[in-house]
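Take a look at the structure below.
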Amino acid sequence: MIKNRKFKNTFLYLSIVLLPFIFLNITIDPTLTIRYIFFTVLVLILIIYSIINYFTHTKSFLRLNFFYFFLFYIIITGISLFYTINFADGLFEWFKFIFVFLFIFYFINTFNNFELLEKELTKSIIIFSCIISVIGLFQFVKIVIHNEVTHQNLYLITSLLAHKNIFSEILFITVPFSIYAVFSFKSFWRILAVITLFFSIFFITILLSRAVWLSVVFGLLLTLIFITILFFKNKKLIFEIIKTRKTKALILIFIASIIFGILIYSKLDTKKTFEKQTNKIVNFNYGSTKDRIQLWEKTFNLLNNKYLLGYGIGSWKIEIIKMNNKNLKSEDNTTFYQRPHNDFLWVLFETGILGLISYLLLFIMAFVFLFRISFKLTDKKSIIFYTMMFYVLSGFLIFSLFSFPKERIEHLLFISYFFIIIISKNQEINKKAFSSELKKSKMLILSSIVILLTLFGVFVGIKRLYSEIHTKKAIEAKQDKEYLSVLNEIEKANSKLYRLDPYSTPLYWYSGLAHYQLNQISEALNDFKKAYKINPYHIYVLNNLGTCYENLKQHDKAVMFYKQAIAISPNFQETLINLSVVYYNINEIQNAYNTITKAEINSGNKHIFLVIMKAYTKIIINEINDKAIAKILSDINSDDKWLYDIYIKSVKNKNTLKKQLLLDAKYVLEEM
């Protein structure tokens, strides 16, 4: 038993404390894939340990509704792999949840004695919080030293979590454990908890993550309701907790850290930034709030009659592109949304109503267990701990409405431990024995199958990691215009398990672009065709397909793909210019002129615009019967500056070019 407990505690500490250091700068996303591999290795260790210790410990498999709901979710998402447009990323996402299930399942079954688990988890999370806060503090000081504290530069404060919002979310998750430690621990651990609590709230304040702000506020409101319910069940204990000096001290620390954060930031930048961020929460017509609401609307519009099964896991990032991006941030065609910033809508879109129900039931069961546990607790420390668990789960669900925690491994690891604690405590406090044990033969067969599945999951992660490393090299080579290197790196990166980069761009697009730049048009076309099959709505794939077909004099196909691109991005300048040139080449001058006038004319494309406008003006001249007017128009058409000035005047006066030309020609005649 002691050996079992020692291994459990070591495993617990290492899994959490090592997590921040699982970081790679040589990948596009420095944490996602490498931490996935780390998580799969943790699961593999648990499974192997459970097999080794079968003969010395009682083994039993839980029969809880929680696991049935979880299995149902895994089955639903697994079925969706058969009809998703994005199998490679869908498989990766599917495996993440399989490993969460296995992690929870094997941890509970391997360590059926959970004495002191709450305290050990708290200590490990405090160490974790201390590590990421110190790194975040160094990053903040570096910005301060260079006098560059702005809202934009705050995105450089990521600690080791890839993005400032993810950093803020993880800090939010750690806060309740610091609070619990202040009540439960002494000396060193209490001091460390106070420090980490202060800096966690400080960073949550200055990082300006509105989703986390909402989680803090509404999480507190929900927790107050929870405490009120507990108050009616156990007035004496709740009242003792509320009136203790530690509670008052924590409230002061909480308020002080917020005020300190606002004052420090306001002094280094301006308090107006806080006002703007607060305004964005309630102002739905501004900034990223507007974008997210529009994304949610487009997502619902896309669902239409697919509410039952959805589009398939991994599909949202591709399907959403086909919706018109006008007035969205993605209108710049450098932004490609990877998720709807709402986990529940994401699950609904990809796995349908059945997937969403099973996903929600996991959290509903956790809250049911929490209420059962809390109503039977008789000591202050336990009440505080499970109240904090309620707070962190409530907050997790709230920022799930505005963010994407189900994507990130760090979030999944923490939520796994929360489920483990809640499930095991529920079994213990309700004195429910684990279900009947499996025979050794069945246990070994099942574990062997699971090990093979886990090994394949590890292989998927390693393969994707290798592909992402070479994809990043290809992107860097593209920026340096080293197109032979692009081809070499993409050849290494391309795999059935990795077809898109993290921005939804097919890898074949990079090799297609490299071939095109090397004047290998046929090879480029073949790659763009492959890219089109992987992501048929990617604006650059459509544009480059059109360009290749135009190079091959296949004008009809060029027009078709350019029109598809414009349907997705009506203001995509490159495609508007390209389509107008095709129309000019096939002598559809009216269409050429109508198309190019939708583009923004600049020094780079003005010469094309003038050529098309001159051709269009010739058509107008040929329609004029008055020879004097026709002569003036011919003079105008031979003078680039004069003609362009008349076009600008027509736009300003909201006239057609023909009308403005005639007005100017008549004016010239009158002045003669």
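By convention in this document, the chains of the structure tokens carry letters A, B, ... by their order, each chain's residues are numbered from 1, and ligands are numbered from 1 in the order they are shown.
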Polymer residues at most 12 Å from Gln660 of chain A, only C-alpha atoms, same-chain spacing of 2 or more positions, as a VMD selection string: chain A and resid 617 620 633 636 643 to 658 662 to 667
Hey, what's within 9 Å of segment 127-134 of chain A if we count only C-alpha atoms and toss same-chain stuff fewer than 2 positions away? As a PyMOL selection string, please? chain A and resi 13+16-20+122-125+136-139+158-161+167+170-171+174-175+178+192-193+195-197+199-200+203
Could you check which of A:Trp316, A:Tyr583, A:Phe528, A:Phe390 is closest to Phe349 of chain A, using only C-alpha atoms?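 Looking only at the distances to Phe349 of chain A, the closest residue turns out to be A:Trp316.
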Which residue gives the smallest distance to Glu350 of chain A among A:Leu446, A:Leu46, A:Ala474, A:Ile85, with only C-alpha atoms counted?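 Once distances to Glu350 of chain A are computed over only C-alpha atoms, the minimum belongs to A:Ile85.
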Can you pull out every residue within 6 Å of segment 587-598 of chain A, counting only C-alpha atoms, but drop anything in the same chain fewer than 3 positions away, and send it as a PDB file with all heavy atoms, in the first residue's frame?
ATOM      1  N   ILE A 577      -8.469  41.245 -58.965  1.00  0.00           N
ATOM      2  CA  ILE A 577      -7.581  41.658 -60.069  1.00  0.00           C
ATOM      3  C   ILE A 577      -7.414  40.512 -61.063  1.00  0.00           C
ATOM      4  O   ILE A 577      -7.516  40.707 -62.289  1.00  0.00           O
ATOM      5  CB  ILE A 577      -6.205  42.103 -59.535  1.00  0.00           C
ATOM      6  CG1 ILE A 577      -6.342  43.317 -58.599  1.00  0.00           C
ATOM      7  CG2 ILE A 577      -5.258  42.408 -60.688  1.00  0.00           C
ATOM      8  CD1 ILE A 577      -6.872  44.557 -59.260  1.00  0.00           C
ATOM      9  N   SER A 580     -10.537  39.924 -63.163  1.00  0.00           N
ATOM     10  CA  SER A 580     -10.725  40.988 -64.159  1.00  0.00           C
ATOM     11  C   SER A 580      -9.780  40.794 -65.347  1.00  0.00           C
ATOM     12  O   SER A 580     -10.160  41.041 -66.500  1.00  0.00           O
ATOM     13  CB  SER A 580     -10.511  42.361 -63.517  1.00  0.00           C
ATOM     14  OG  SER A 580      -9.183  42.518 -63.065  1.00  0.00           O
ATOM     15  N   TYR A 583     -11.238  38.069 -67.585  1.00  0.00           N
ATOM     16  CA  TYR A 583     -12.323  38.632 -68.400  1.00  0.00           C
ATOM     17  C   TYR A 583     -11.761  39.476 -69.541  1.00  0.00           C
ATOM     18  O   TYR A 583     -12.260  39.430 -70.676  1.00  0.00           O
ATOM     19  CB  TYR A 583     -13.239  39.496 -67.530  1.00  0.00           C
ATOM     20  CG  TYR A 583     -14.228  38.713 -66.700  1.00  0.00           C
ATOM     21  CD1 TYR A 583     -14.454  39.036 -65.356  1.00  0.00           C
ATOM     22  CD2 TYR A 583     -14.963  37.663 -67.253  1.00  0.00           C
ATOM     23  CE1 TYR A 583     -15.372  38.335 -64.589  1.00  0.00           C
ATOM     24  CE2 TYR A 583     -15.879  36.951 -66.495  1.00  0.00           C
ATOM     25  CZ  TYR A 583     -16.084  37.296 -65.165  1.00  0.00           C
ATOM     26  OH  TYR A 583     -16.990  36.594 -64.423  1.00  0.00           O
ATOM     27  N   TYR A 584     -10.709  40.231 -69.265  1.00  0.00           N
ATOM     28  CA  TYR A 584     -10.073  41.043 -70.314  1.00  0.00           C
ATOM     29  C   TYR A 584      -9.493  40.139 -71.396  1.00  0.00           C
ATOM     30  O   TYR A 584      -9.648  40.418 -72.593  1.00  0.00           O
ATOM     31  CB  TYR A 584      -8.972  41.905 -69.690  1.00  0.00           C
ATOM     32  CG  TYR A 584      -8.201  42.722 -70.687  1.00  0.00           C
ATOM     33  CD1 TYR A 584      -8.682  43.946 -71.151  1.00  0.00           C
ATOM     34  CD2 TYR A 584      -6.970  42.264 -71.182  1.00  0.00           C
ATOM     35  CE1 TYR A 584      -7.969  44.696 -72.080  1.00  0.00           C
ATOM     36  CE2 TYR A 584      -6.253  43.000 -72.109  1.00  0.00           C
ATOM     37  CZ  TYR A 584      -6.758  44.217 -72.560  1.00  0.00           C
ATOM     38  OH  TYR A 584      -6.048  44.941 -73.487  1.00  0.00           O
ATOM     39  N   TYR A 616     -12.514  49.535 -71.882  1.00  0.00           N
ATOM     40  CA  TYR A 616     -13.928  49.809 -71.627  1.00  0.00           C
ATOM     41  C   TYR A 616     -14.327  51.158 -72.226  1.00  0.00           C
ATOM     42  O   TYR A 616     -15.417  51.304 -72.809  1.00  0.00           O
ATOM     43  CB  TYR A 616     -14.183  49.798 -70.120  1.00  0.00           C
ATOM     44  CG  TYR A 616     -15.618  50.058 -69.738  1.00  0.00           C
ATOM     45  CD1 TYR A 616     -16.664  49.283 -70.248  1.00  0.00           C
ATOM     46  CD2 TYR A 616     -15.929  51.105 -68.872  1.00  0.00           C
ATOM     47  CE1 TYR A 616     -17.970  49.534 -69.890  1.00  0.00           C
ATOM     48  CE2 TYR A 616     -17.245  51.366 -68.513  1.00  0.00           C
ATOM     49  CZ  TYR A 616     -18.262  50.580 -69.021  1.00  0.00           C
ATOM     50  OH  TYR A 616     -19.570  50.826 -68.669  1.00  0.00           O
TER      51      TYR A 616
END
Set the distance at 9 Å and use only C-alpha atoms: which residues neighbour Val100 of chain A once local chain neighbours fewer than 6 positions away are removed? I'd like the list as a list in words.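 These residues fall inside the cut-off: Phe39, Val43, Leu412, Leu413, Ile415 and Ser416 of chain A.
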